[in-house]
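**Student:** Supplied structure: target.csv, CSV, C-alpha atoms.
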```csv
chain,number,residue,atom,x,y,z
A,391,MET,CA,-6.0,-31.2,-39.3
A,392,THR,CA,-6.9,-34.1,-41.6
A,393,SER,CA,-10.4,-34.8,-42.9
A,394,GLN,CA,-10.4,-37.9,-40.9
A,395,GLN,CA,-9.9,-35.8,-37.7
A,396,ASN,CA,-12.7,-33.5,-38.7
A,397,LYS,CA,-15.4,-36.0,-38.9
A,398,THR,CA,-17.4,-37.7,-36.1
A,399,ASP,CA,-16.5,-41.3,-35.4
A,400,HIS,CA,-18.8,-43.8,-33.9
A,401,ILE,CA,-16.9,-46.0,-31.5
A,402,HIS,CA,-18.8,-48.5,-29.4
A,403,GLY,CA,-22.0,-46.5,-29.9
A,404,GLN,CA,-20.5,-43.3,-28.5
A,405,ASN,CA,-19.9,-40.0,-30.3
A,406,ARG,CA,-16.2,-38.9,-30.1
A,407,PHE,CA,-15.3,-35.4,-31.4
A,408,TYR,CA,-11.7,-34.8,-32.5
A,409,PHE,CA,-9.9,-31.5,-32.4
A,410,ALA,CA,-6.3,-30.7,-33.5
A,411,PHE,CA,-3.5,-31.4,-31.0
A,412,CYS,CA,-5.6,-34.0,-29.2
A,413,LEU,CA,-5.4,-33.8,-25.5
A,414,PRO,CA,-6.6,-36.3,-22.9
A,415,ILE,CA,-10.2,-37.3,-23.3
A,416,ILE,CA,-12.9,-35.6,-21.1
A,417,GLU,CA,-16.1,-37.6,-20.5
A,418,THR,CA,-19.4,-35.8,-20.2
A,419,GLY,CA,-22.3,-38.2,-19.8
A,420,ASP,CA,-22.2,-40.6,-22.8
A,421,ILE,CA,-20.0,-38.3,-24.9
A,422,LEU,CA,-16.2,-38.3,-24.8
A,423,TYR,CA,-14.4,-35.2,-25.9
A,424,LYS,CA,-10.8,-34.6,-27.0
A,425,ILE,CA,-10.2,-30.9,-26.5
A,426,GLN,CA,-7.6,-28.2,-27.2
A,427,ILE,CA,-7.2,-24.7,-26.0
A,428,THR,CA,-7.8,-22.3,-29.0
A,429,ASN,CA,-4.5,-20.5,-29.0
A,430,ASN,CA,-2.7,-20.3,-32.3
A,431,ILE,CA,0.0,-17.9,-31.2
A,432,GLN,CA,2.8,-20.3,-30.6
A,433,ASN,CA,5.3,-17.7,-29.4
A,434,SER,CA,3.0,-16.4,-26.7
A,435,ILE,CA,2.6,-19.2,-24.2
A,436,THR,CA,2.7,-19.3,-20.4
A,437,PHE,CA,3.6,-22.7,-19.0
A,438,ILE,CA,2.1,-23.8,-15.7
A,439,PRO,CA,4.0,-26.4,-13.7
A,440,ASP,CA,2.3,-29.7,-13.1
A,441,TYR,CA,3.1,-29.6,-9.4
A,442,PHE,CA,1.1,-26.3,-9.1
A,443,ILE,CA,-2.0,-27.9,-10.6
A,444,ASP,CA,-1.6,-31.1,-8.6
A,445,ARG,CA,-0.9,-29.6,-5.3
A,446,HIS,CA,-2.5,-26.2,-5.2
A,447,LEU,CA,-5.3,-25.8,-7.7
A,448,ALA,CA,-8.0,-27.4,-5.6
A,449,SER,CA,-7.1,-25.8,-2.3
A,450,ALA,CA,-6.2,-22.2,-3.3
A,451,SER,CA,-8.9,-19.6,-3.8
A,452,GLY,CA,-9.7,-18.3,-7.2
A,453,GLU,CA,-8.3,-14.8,-6.4
A,454,PHE,CA,-5.0,-16.3,-5.3
A,455,VAL,CA,-4.8,-18.4,-8.5
A,456,LYS,CA,-5.5,-15.3,-10.6
A,457,VAL,CA,-2.5,-13.5,-9.0
A,458,TYR,CA,-0.2,-16.5,-9.6
A,459,LEU,CA,-1.2,-16.8,-13.2
A,460,TYR,CA,-0.7,-13.1,-13.8
A,461,ILE,CA,2.8,-13.3,-12.3
A,462,GLN,CA,3.7,-16.3,-14.4
A,463,ARG,CA,2.5,-14.5,-17.5
A,464,HIS,CA,4.7,-11.4,-16.9
A,465,LEU,CA,7.9,-13.0,-15.4
A,466,LYS,CA,9.3,-13.4,-18.9
A,467,GLU,CA,8.8,-9.7,-19.7
A,468,THR,CA,9.9,-8.0,-16.5
A,469,ASP,CA,11.8,-8.7,-13.4
A,470,SER,CA,9.6,-6.6,-11.1
A,471,LEU,CA,5.9,-6.2,-10.6
A,472,THR,CA,4.0,-3.7,-8.3
A,473,VAL,CA,1.1,-4.5,-6.2
A,474,PRO,CA,-1.0,-1.6,-7.6
A,475,ASP,CA,-0.3,-2.8,-11.2
A,476,ILE,CA,-1.5,-6.3,-10.4
A,477,ALA,CA,-4.6,-5.0,-8.6
A,478,ASP,CA,-5.5,-2.7,-11.5
A,479,HIS,CA,-5.1,-5.5,-14.1
A,480,LEU,CA,-7.1,-8.1,-12.1
A,481,ASN,CA,-9.7,-5.7,-10.8
A,482,MET,CA,-8.8,-6.5,-7.2
A,483,THR,CA,-7.9,-4.5,-4.2
A,484,GLU,CA,-4.3,-4.0,-3.2
A,485,ASN,CA,-4.9,-5.8,0.1
A,486,ASP,CA,-6.3,-8.8,-1.9
A,487,VAL,CA,-3.1,-8.9,-4.0
A,488,SER,CA,-0.9,-8.6,-0.9
A,489,ARG,CA,-2.8,-11.5,0.7
A,490,ALA,CA,-2.3,-13.6,-2.4
A,491,LEU,CA,1.4,-12.9,-2.4
A,492,SER,CA,1.6,-13.8,1.3
A,493,TYR,CA,-0.3,-17.0,0.7
A,494,TRP,CA,1.9,-18.2,-2.2
A,495,LYS,CA,5.1,-17.2,-0.3
A,496,ALA,CA,3.9,-19.2,2.7
A,497,GLU,CA,3.2,-22.2,0.4
A,498,GLY,CA,6.6,-21.9,-1.1
A,499,VAL,CA,5.3,-21.1,-4.6
A,500,LEU,CA,6.8,-17.6,-4.6
A,501,VAL,CA,10.0,-16.2,-3.3
A,502,MET,CA,9.9,-12.5,-2.7
A,503,GLU,CA,12.9,-10.2,-2.1
A,504,GLU,CA,12.1,-7.0,-0.3
A,505,GLU,CA,13.2,-3.8,-2.0
A,506,LYS,CA,13.9,-0.4,-0.5
A,507,THR,CA,11.5,1.2,-2.9
A,508,GLN,CA,7.8,0.8,-2.2
A,509,PRO,CA,5.7,-1.1,-3.1
A,510,VAL,CA,7.8,-3.2,-5.5
A,511,THR,CA,8.3,-6.8,-4.8
A,512,LYS,CA,10.3,-9.1,-7.0
A,513,PRO,CA,8.7,-12.5,-7.1
A,514,SER,CA,10.2,-15.6,-8.6
A,515,ILE,CA,8.6,-19.1,-8.9
A,516,PRO,CA,10.8,-22.0,-7.7
A,517,THR,CA,10.8,-25.5,-9.1
A,518,ALA,CA,8.9,-28.3,-7.4
A,519,SER,CA,12.1,-29.5,-5.7
A,520,THR,CA,12.5,-26.1,-3.9
A,521,GLU,CA,8.9,-25.9,-2.8
A,522,SER,CA,8.3,-25.8,0.9
A,523,ALA,CA,5.1,-25.9,3.0
A,524,ALA,CA,5.2,-23.1,5.5
A,525,ALA,CA,2.4,-22.2,7.9
A,526,LEU,CA,0.3,-19.2,7.2
A,527,HIS,CA,0.5,-16.3,9.7
A,528,VAL,CA,-3.2,-15.6,9.4
A,529,PRO,CA,-5.5,-18.3,10.9
A,530,GLY,CA,-7.5,-20.3,8.4
A,531,LYS,CA,-11.2,-20.0,8.1
A,532,SER,CA,-13.4,-23.0,9.0
A,533,ASN,CA,-16.5,-23.8,7.0
A,534,LEU,CA,-19.2,-24.2,9.7
A,535,SER,CA,-22.2,-26.3,8.9
A,536,PRO,CA,-25.6,-24.6,8.8
A,537,SER,CA,-26.6,-26.5,12.0
A,538,VAL,CA,-23.5,-25.2,13.8
A,539,ILE,CA,-24.1,-21.6,12.6
A,540,THR,CA,-27.7,-21.9,13.9
A,541,ALA,CA,-26.5,-23.1,17.2
A,542,ARG,CA,-23.9,-20.3,17.5
A,543,MET,CA,-26.6,-17.8,16.8
A,544,GLU,CA,-28.1,-18.7,20.1
A,545,GLU,CA,-25.1,-17.3,21.9
A,546,GLU,CA,-25.8,-13.8,23.3
A,547,GLY,CA,-22.7,-12.0,21.9
A,548,LEU,CA,-22.9,-13.5,18.5
A,549,SER,CA,-26.6,-13.0,18.2
A,550,HIS,CA,-26.2,-9.3,18.8
A,551,LEU,CA,-23.2,-9.2,16.4
A,552,ALA,CA,-25.3,-10.9,13.6
A,553,PHE,CA,-28.1,-8.4,14.3
A,554,MET,CA,-25.7,-5.4,14.0
A,555,ALA,CA,-24.2,-6.8,10.8
A,556,ASP,CA,-27.7,-7.1,9.3
A,557,THR,CA,-28.3,-3.5,10.3
A,558,TYR,CA,-25.0,-2.1,8.9
A,559,LEU,CA,-25.2,-4.1,5.6
A,560,GLY,CA,-28.9,-3.5,5.2
A,561,LYS,CA,-29.8,-7.2,4.6
A,562,THR,CA,-30.0,-10.6,6.3
A,563,LEU,CA,-26.6,-12.3,6.1
A,564,SER,CA,-26.3,-15.5,4.2
A,565,GLN,CA,-24.8,-18.7,5.7
A,566,THR,CA,-21.5,-18.0,4.0
A,567,GLU,CA,-21.5,-14.4,5.3
A,568,LEU,CA,-22.3,-15.5,8.8
A,569,ASN,CA,-19.5,-18.0,8.6
A,570,THR,CA,-17.1,-15.2,7.7
A,571,LEU,CA,-18.5,-13.0,10.6
A,572,PHE,CA,-17.9,-15.8,13.1
A,573,TYR,CA,-14.4,-16.2,11.7
A,574,PHE,CA,-13.6,-12.7,12.9
A,575,TYR,CA,-14.7,-13.8,16.4
A,576,ASP,CA,-13.3,-17.4,16.5
A,577,GLY,CA,-10.4,-17.3,14.1
A,578,LEU,CA,-9.0,-13.8,14.4
A,579,HIS,CA,-10.1,-13.5,18.0
A,580,PHE,CA,-11.6,-10.0,17.5
A,581,PRO,CA,-13.9,-8.8,20.4
A,582,VAL,CA,-17.5,-8.0,19.5
A,583,ASP,CA,-17.0,-4.2,19.8
A,584,LEU,CA,-14.0,-4.3,17.4
A,585,ILE,CA,-16.0,-6.3,14.8
A,586,GLU,CA,-18.8,-3.7,15.1
A,587,TYR,CA,-16.3,-1.0,14.5
A,588,LEU,CA,-14.9,-2.9,11.5
A,589,LEU,CA,-18.4,-3.1,10.0
A,590,GLU,CA,-19.0,0.6,10.7
A,591,TYR,CA,-15.6,1.6,9.2
A,592,CYS,CA,-16.2,-0.4,6.0
A,593,VAL,CA,-19.8,0.8,5.5
A,594,SER,CA,-18.7,4.4,6.1
A,595,ASN,CA,-16.3,4.0,3.1
A,596,GLN,CA,-19.2,2.7,1.0
A,597,LYS,CA,-17.9,-0.9,1.2
A,598,LYS,CA,-20.6,-3.5,2.1
A,599,SER,CA,-19.1,-6.6,0.5
A,600,MET,CA,-18.2,-9.2,3.1
A,601,ARG,CA,-15.3,-10.1,1.0
A,602,TYR,CA,-13.9,-6.6,1.3
A,603,ILE,CA,-14.7,-6.5,5.1
A,604,GLU,CA,-12.8,-9.8,5.5
A,605,THR,CA,-9.8,-8.3,3.7
A,606,VAL,CA,-9.7,-5.3,6.1
A,607,ALA,CA,-10.1,-7.6,9.1
A,608,ILE,CA,-7.1,-9.7,8.0
A,609,SER,CA,-5.1,-6.6,7.4
A,610,TRP,CA,-5.9,-5.4,10.9
A,611,TYR,CA,-5.0,-8.8,12.3
A,612,GLU,CA,-1.6,-8.7,10.5
A,613,GLN,CA,-1.0,-5.2,12.0
A,614,GLY,CA,-1.7,-6.4,15.5
A,615,ILE,CA,-4.9,-4.5,15.8
A,616,ASP,CA,-7.0,-6.4,18.4
A,617,THR,CA,-8.9,-3.7,20.2
A,618,MET,CA,-11.3,-0.9,19.1
A,619,LYS,CA,-8.9,1.7,20.4
A,620,LYS,CA,-6.0,0.4,18.4
A,621,ALA,CA,-8.2,0.4,15.3
A,622,LYS,CA,-9.3,4.0,15.8
A,623,ASP,CA,-5.7,5.1,16.3
A,624,ALA,CA,-4.6,3.3,13.2
A,625,MET,CA,-7.3,4.8,11.1
A,626,LYS,CA,-6.0,8.3,11.9
A,627,ILE,CA,-3.2,7.6,9.4
A,628,TYR,CA,-5.8,7.5,6.6
A,629,ASN,CA,-7.6,10.7,7.3
A,630,LYS,CA,-7.5,13.8,5.1
A,631,ASN,CA,-4.7,15.6,6.8
A,632,TYR,CA,-2.2,12.7,6.7
A,633,TYR,CA,-3.0,12.0,3.1
A,634,SER,CA,-2.6,15.7,2.1
A,635,VAL,CA,0.9,15.9,3.6
A,636,MET,CA,2.0,12.7,1.8
A,637,LYS,CA,0.6,14.1,-1.4
A,638,ALA,CA,2.4,17.4,-0.9
A,639,PHE,CA,5.6,15.5,-0.8
A,640,GLY,CA,4.7,13.7,-4.0
A,641,ILE,CA,4.3,10.4,-2.1
A,642,SER,CA,1.1,8.6,-3.3
A,643,ASN,CA,2.0,4.9,-3.4
A,644,ARG,CA,2.1,4.2,0.4
A,645,ASN,CA,0.8,5.3,3.8
A,646,PRO,CA,3.0,7.3,6.2
A,647,GLY,CA,5.3,5.2,8.3
A,648,PRO,CA,5.3,5.3,12.1
A,649,ALA,CA,8.0,8.0,12.3
A,650,GLU,CA,6.3,10.1,9.6
A,651,ALA,CA,2.9,9.7,11.2
A,652,ASN,CA,4.4,10.9,14.5
A,653,TYR,CA,5.7,14.1,12.8
A,654,ILE,CA,2.3,14.8,11.3
A,655,LYS,CA,0.6,14.2,14.6
A,656,LYS,CA,3.1,16.6,16.3
A,657,TRP,CA,2.4,19.3,13.8
A,658,LEU,CA,-1.4,18.9,14.1
A,659,GLU,CA,-1.9,18.1,17.7
A,660,GLU,CA,1.1,19.7,19.5
A,661,TYR,CA,1.8,22.7,17.4
A,662,HIS,CA,-1.9,23.1,16.4
A,663,PHE,CA,-1.0,24.1,12.8
A,664,ASP,CA,-3.7,24.3,10.2
A,665,LEU,CA,-3.2,22.1,7.2
A,666,PRO,CA,-2.3,25.0,4.8
A,667,VAL,CA,0.6,26.0,7.1
A,668,ILE,CA,2.0,22.5,7.1
A,669,LEU,CA,1.6,22.2,3.3
A,670,GLU,CA,3.5,25.5,2.9
A,671,ALA,CA,6.4,24.0,5.0
A,672,CYS,CA,6.3,20.9,2.8
A,673,ASN,CA,6.5,23.0,-0.4
A,674,ARG,CA,9.5,25.0,1.0
A,675,THR,CA,11.2,21.7,1.9
A,676,LEU,CA,11.0,20.6,-1.7
A,677,SER,CA,12.1,24.0,-3.0
A,678,SER,CA,15.1,24.0,-0.7
A,679,ILE,CA,16.5,20.5,-0.9
A,680,SER,CA,14.5,19.0,-3.9
A,681,GLN,CA,13.4,16.0,-1.9
A,682,PRO,CA,10.8,15.2,0.7
A,683,SER,CA,12.2,15.2,4.3
A,684,PHE,CA,10.0,15.1,7.4
A,685,PRO,CA,12.9,16.2,9.7
A,686,TYR,CA,13.7,19.2,7.5
A,687,THR,CA,10.0,20.2,7.4
A,688,ASP,CA,9.9,19.7,11.2
A,689,THR,CA,12.8,22.2,11.5
A,690,ILE,CA,10.8,24.8,9.5
A,691,LEU,CA,7.6,24.2,11.5
A,692,SER,CA,9.4,24.3,14.8
A,693,SER,CA,10.9,27.7,13.9
A,694,TRP,CA,7.4,29.0,13.0
A,695,HIS,CA,6.0,27.6,16.2
A,696,LYS,CA,8.6,29.5,18.2
A,697,SER,CA,7.8,32.6,16.2
A,698,LYS,CA,4.0,32.3,17.0
A,699,VAL,CA,3.0,31.6,13.5
A,700,HIS,CA,-0.7,30.6,13.1
A,701,SER,CA,-1.6,31.3,9.5
A,702,LEU,CA,-0.2,31.9,6.0
A,703,ASN,CA,-0.5,35.7,6.6
A,704,ASP,CA,1.8,35.3,9.6
A,705,ILE,CA,4.3,33.5,7.4
A,706,LYS,CA,4.2,36.3,4.8
A,707,ALA,CA,4.8,38.8,7.6
A,708,LEU,CA,7.7,36.8,8.9
A,709,ASP,CA,9.2,36.5,5.4
A,710,ALA,CA,8.9,40.3,4.9
A,711,GLN,CA,10.6,40.9,8.2
A,712,PHE,CA,13.4,38.6,7.2
A,713,ARG,CA,13.9,40.3,3.8
A,714,SER,CA,14.0,43.7,5.5
A,715,GLN,CA,16.7,42.5,8.0
A,716,GLN,CA,18.7,40.9,5.2
A,717,LYS,CA,18.5,44.1,3.1
A,718,THR,CA,19.7,46.2,6.1
A,719,ALA,CA,22.5,43.7,6.7
A,720,THR,CA,23.9,44.0,3.2
A,721,VAL,CA,24.2,47.8,3.2
A,722,PRO,CA,27.9,48.7,3.6
A,723,LYS,CA,28.7,50.7,6.7
A,724,ASN,CA,31.5,53.3,6.2
A,725,PRO,CA,31.4,55.8,9.1
A,726,ASN,CA,34.6,57.6,8.0
A,727,LYS,CA,33.7,58.8,4.5
A,728,ASN,CA,36.9,61.0,4.3
A,729,ALA,CA,39.3,58.2,5.1
A,730,ALA,CA,41.8,57.4,2.5
A,731,PRO,CA,41.2,54.2,0.6
A,732,ALA,CA,43.1,51.2,1.8
A,733,ALA,CA,46.5,50.7,0.2
A,734,SER,CA,46.5,48.2,-2.6
A,735,ASN,CA,48.9,45.4,-1.7
A,736,ARG,CA,49.0,41.7,-2.0
A,737,PHE,CA,46.9,41.4,1.2
A,738,HIS,CA,44.1,43.5,-0.2
A,739,ASN,CA,44.3,42.8,-3.9
A,740,PHE,CA,41.5,40.2,-4.0
A,741,ASP,CA,37.7,40.1,-4.0
A,742,GLN,CA,36.3,40.3,-0.5
A,743,ARG,CA,34.1,37.3,0.3
A,744,GLU,CA,30.4,38.1,0.9
A,745,TYR,CA,28.5,35.6,3.1
A,746,ASN,CA,24.8,34.8,2.4
A,747,TYR,CA,23.7,34.0,5.9
A,748,GLN,CA,20.4,32.5,4.7
A,749,ASP,CA,22.4,30.0,2.6
A,750,LEU,CA,24.6,29.3,5.6
A,751,GLU,CA,21.6,28.6,7.8
A,752,GLN,CA,20.1,26.3,5.2
A,753,GLN,CA,23.4,24.4,4.9
A,754,PHE,CA,23.5,24.0,8.7
A,755,ILE,CA,19.9,22.7,8.8
A,756,ARG,CA,20.7,20.2,6.0
A,757,LYS,CA,23.8,19.0,7.8
A,758,VAL,CA,22.0,18.6,11.1
A,759,ASN,CA,19.3,16.5,9.4
A,760,GLY,CA,21.8,14.4,7.5
A,761,LEU,CA,20.8,15.8,4.1
A,762,ASP,CA,24.2,17.4,3.1
A,763,GLN,CA,25.6,15.1,0.5
A,764,SER,CA,29.0,16.8,0.4
```
Give the structure from the file, written as structure tokens.
**Tutor:**
Amino acid sequence: MTSQQNKTDHIHGQNRFYFAFCLPIIETGDILYKIQITNNIQNSITFIPDYFIDRHLASASGEFVKVYLYIQRHLKETDSLTVPDIADHLNMTENDVSRALSYWKAEGVLVMEEEKTQPVTKPSIPTASTESAAALHVPGKSNLSPSVITARMEEEGLSHLAFMADTYLGKTLSQTELNTLFYFYDGLHFPVDLIEYLLEYCVSNQKKSMRYIETVAISWYEQGIDTMKKAKDAMKIYNKNYYSVMKAFGISNRNPGPAEANYIKKWLEEYHFDLPVILEACNRTLSSISQPSFPYTDTILSSWHKSKVHSLNDIKALDAQFRSQQKTATVPKNPNKNAAPAASNRFHNFDQREYNYQDLEQQFIRKVNGLDQS
């Protein structure tokens, strides 16, 4: 920077301040500023395309922009990013990050390839020429004027809904919060009882932010949850028992899928097993085949169910009975002690094969469940 650039010039009676690498002038009142971003690390720069600023900066929410910038920043360092990592770095919920990714995908800003492993997505940012404008799956939220909100408050159902929201959240909702509340009713087409359950569910989880409640509402909408019964059924997945089973299998980065949830429901509601019994079956699955398998665990629990197992003590007794039978089966039976030993010939001169029937049973179970890799 030259000394000429450091001083203040008086041009046409206005103060103009110069900084290095002069960028376009920004006018504030009577003062014109030439500015620069204070970043002297030339090898650590993230470039933002002009088309993004021109077309998306004004319309996208700040949370969505944060996710976009974070992805731009890390694309040059890694070819994969996880939703939990982005959420942790940006102090956002995973649902917020997923919404942002869906938004940019719909806008044509991101291209995401689904991977078999969860929850990794592989985003890439196309050029302006490949950008496409696709419609969002989630209905947009209208900004109702204060007069419209006041008029809507006269409607019987919405008046009751607003009162319940005030009660659950422990405060009088602002105009913005009422706008979001009515969005659940008008935009997402949730019935009043479902919205009440939504509020109850979020508050029971110590979440009273309308922003958080909206995130949950949109997640329910995307899952096709449009009645209170569907919401209650879906919430079963998140209860303690379901989470404990997933944790026992070493799975912590996702919720159980529909087939997995059906297995857990069967063990809990049809077999009426206590959680410790189910977790013991999960542990034995991992010990036997070194990988989580709901079908394999179901084989174990089905066997225990037929054997009238109800507790861990019943399992210990069943194990002791099995060991006793195995020990008896391995004792050689030789009723004719005085018989001469068999002649040694080429048909007898080899080690007799001994079968481990427990191993054979395990191999059979693995084959039935498609777990035999041989």
**Student:** Report the distance between atom CA of Ile705 of chain A and atom CA of Thr675 of chain A in Å, rounded to one decimal place.
**Tutor:** 14.7 Å
**Student:** Between atom CA of Leu669 of chain A and atom CA of Phe639 of chain A, what is the distance, to one decimal in Å?
**Tutor:**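 Straight-line distance from atom CA of Leu669 of chain A to atom CA of Phe639 of chain A works out to 8.8 Å.
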**Student:** Write out as a ChimeraX atom specification the residues lying within 7 Å of segment 608-622 of chain A, counting all atoms listed in the file and excluding same-chain residues fewer than 5 positions away.
**Tutor:** /A:578,580,583-584,587
**Student:** A:Gln596, A:Val538, A:Pro529, A:Ser488: which is nearest Leu559 of chain A, counting only C-alpha atoms?
**Tutor:** A:Gln596
**Student:** How many Å lie between atom CA of Ala541 of chain A and atom CA of Arg601 of chain A, rounded to one decimal?
**Tutor:**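 Interatomic distance, atom CA of Ala541 of chain A to atom CA of Arg601 of chain A: 23.6 Å.
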**Student:** Which residue, A:Phe663, A:Phe712, A:Phe437, A:Tyr653, has the smallest gap to Thr687 of chain A when you use only C-alpha atoms?
**Tutor:**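 Smallest distance to Thr687 of chain A is found for A:Tyr653.
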**Student:** Could you check the closest approach to Ala490 of chain A for each of A:Tyr575, A:Phe454, A:Phe553, A:Tyr460 and tell me which residue wins, using all atoms listed in the file?
**Tutor:**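 Of A:Tyr575, A:Phe454, A:Phe553, A:Tyr460, the one nearest Ala490 of chain A is A:Phe454, counting all atoms listed in the file.
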**Student:** Name all residues at most 8 Å from Cys592 of chain A (count all atoms listed in the file; drop same-chain ones fewer than 5 positions away) and give them as a list in words.
**Tutor:** Lys597, Lys598 and Ile603 of chain A
**Student:** If we count all atoms listed in the file and set the cut-off at 9 Å, which residues sit around segment 543-551 of chain A, ignoring sequence neighbours fewer than 6 positions away in its own chain? Please answer as a list in words.
**Tutor:** Leu571, Phe572, Tyr575, Val582, Asp583, Ile585 and Glu586 of chain A
**Student:** Which residue is closest to Ile668 of chain A? Choose from A:Thr436, A:Asn631, A:Ala651, A:Ser683 and count all atoms listed in the file.
**Tutor:** A:Asn631
**Student:** Would you mind telling me which residue in A:Lys630, A:Lys495, A:Lys696, A:Arg445 lies nearest to Tyr458 of chain A when using all atoms listed in the file?
**Tutor:** A:Lys495
**Student:** Counting all atoms listed in the file, write as JSON, numbers by chain all protein and nucleic acid residues lying at most 12 Å from (2.6, 17.0, -0.3) in the file's frame.
**Tutor:** {"A": [630, 631, 632, 633, 634, 635, 636, 637, 638, 639, 640, 641, 642, 646, 654, 665, 666, 667, 668, 669, 670, 671, 672, 673, 674, 675, 676, 681, 682, 683, 684, 687]}
**Student:** Would you write out those residues with C-alpha atoms, as a compact mmCIF listing (two decimals), in the coordinates of the input?
**Tutor:**
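Done, and the output landed in selection.txt:
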```txt
# COMPACT_ATOMS: atom_id res chain seq x y z
CA LYS A 630 -7.50 13.80 5.10
CA ASN A 631 -4.70 15.60 6.80
CA TYR A 632 -2.20 12.70 6.70
CA TYR A 633 -3.00 12.00 3.10
CA SER A 634 -2.60 15.70 2.10
CA VAL A 635 0.90 15.90 3.60
CA MET A 636 2.00 12.70 1.80
CA LYS A 637 0.60 14.10 -1.40
CA ALA A 638 2.40 17.40 -0.90
CA PHE A 639 5.60 15.50 -0.80
CA GLY A 640 4.70 13.70 -4.00
CA ILE A 641 4.30 10.40 -2.10
CA SER A 642 1.10 8.60 -3.30
CA PRO A 646 3.00 7.30 6.20
CA ILE A 654 2.30 14.80 11.30
CA LEU A 665 -3.20 22.10 7.20
CA PRO A 666 -2.30 25.00 4.80
CA VAL A 667 0.60 26.00 7.10
CA ILE A 668 2.00 22.50 7.10
CA LEU A 669 1.60 22.20 3.30
CA GLU A 670 3.50 25.50 2.90
CA ALA A 671 6.40 24.00 5.00
CA CYS A 672 6.30 20.90 2.80
CA ASN A 673 6.50 23.00 -0.40
CA ARG A 674 9.50 25.00 1.00
CA THR A 675 11.20 21.70 1.90
CA LEU A 676 11.00 20.60 -1.70
CA GLN A 681 13.40 16.00 -1.90
CA PRO A 682 10.80 15.20 0.70
CA SER A 683 12.20 15.20 4.30
CA PHE A 684 10.00 15.10 7.40
CA THR A 687 10.00 20.20 7.40
```
**Student:** Can you work out which one of A:Tyr558, A:Trp694, A:Phe442, A:Phe574 has the shortest atom-to-atom distance to Tyr661 of chain A, counting only C-alpha atoms?
**Tutor:**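 Checking each of A:Tyr558, A:Trp694, A:Phe442, A:Phe574 against Tyr661 of chain A, counting only C-alpha atoms, the winner is A:Trp694.
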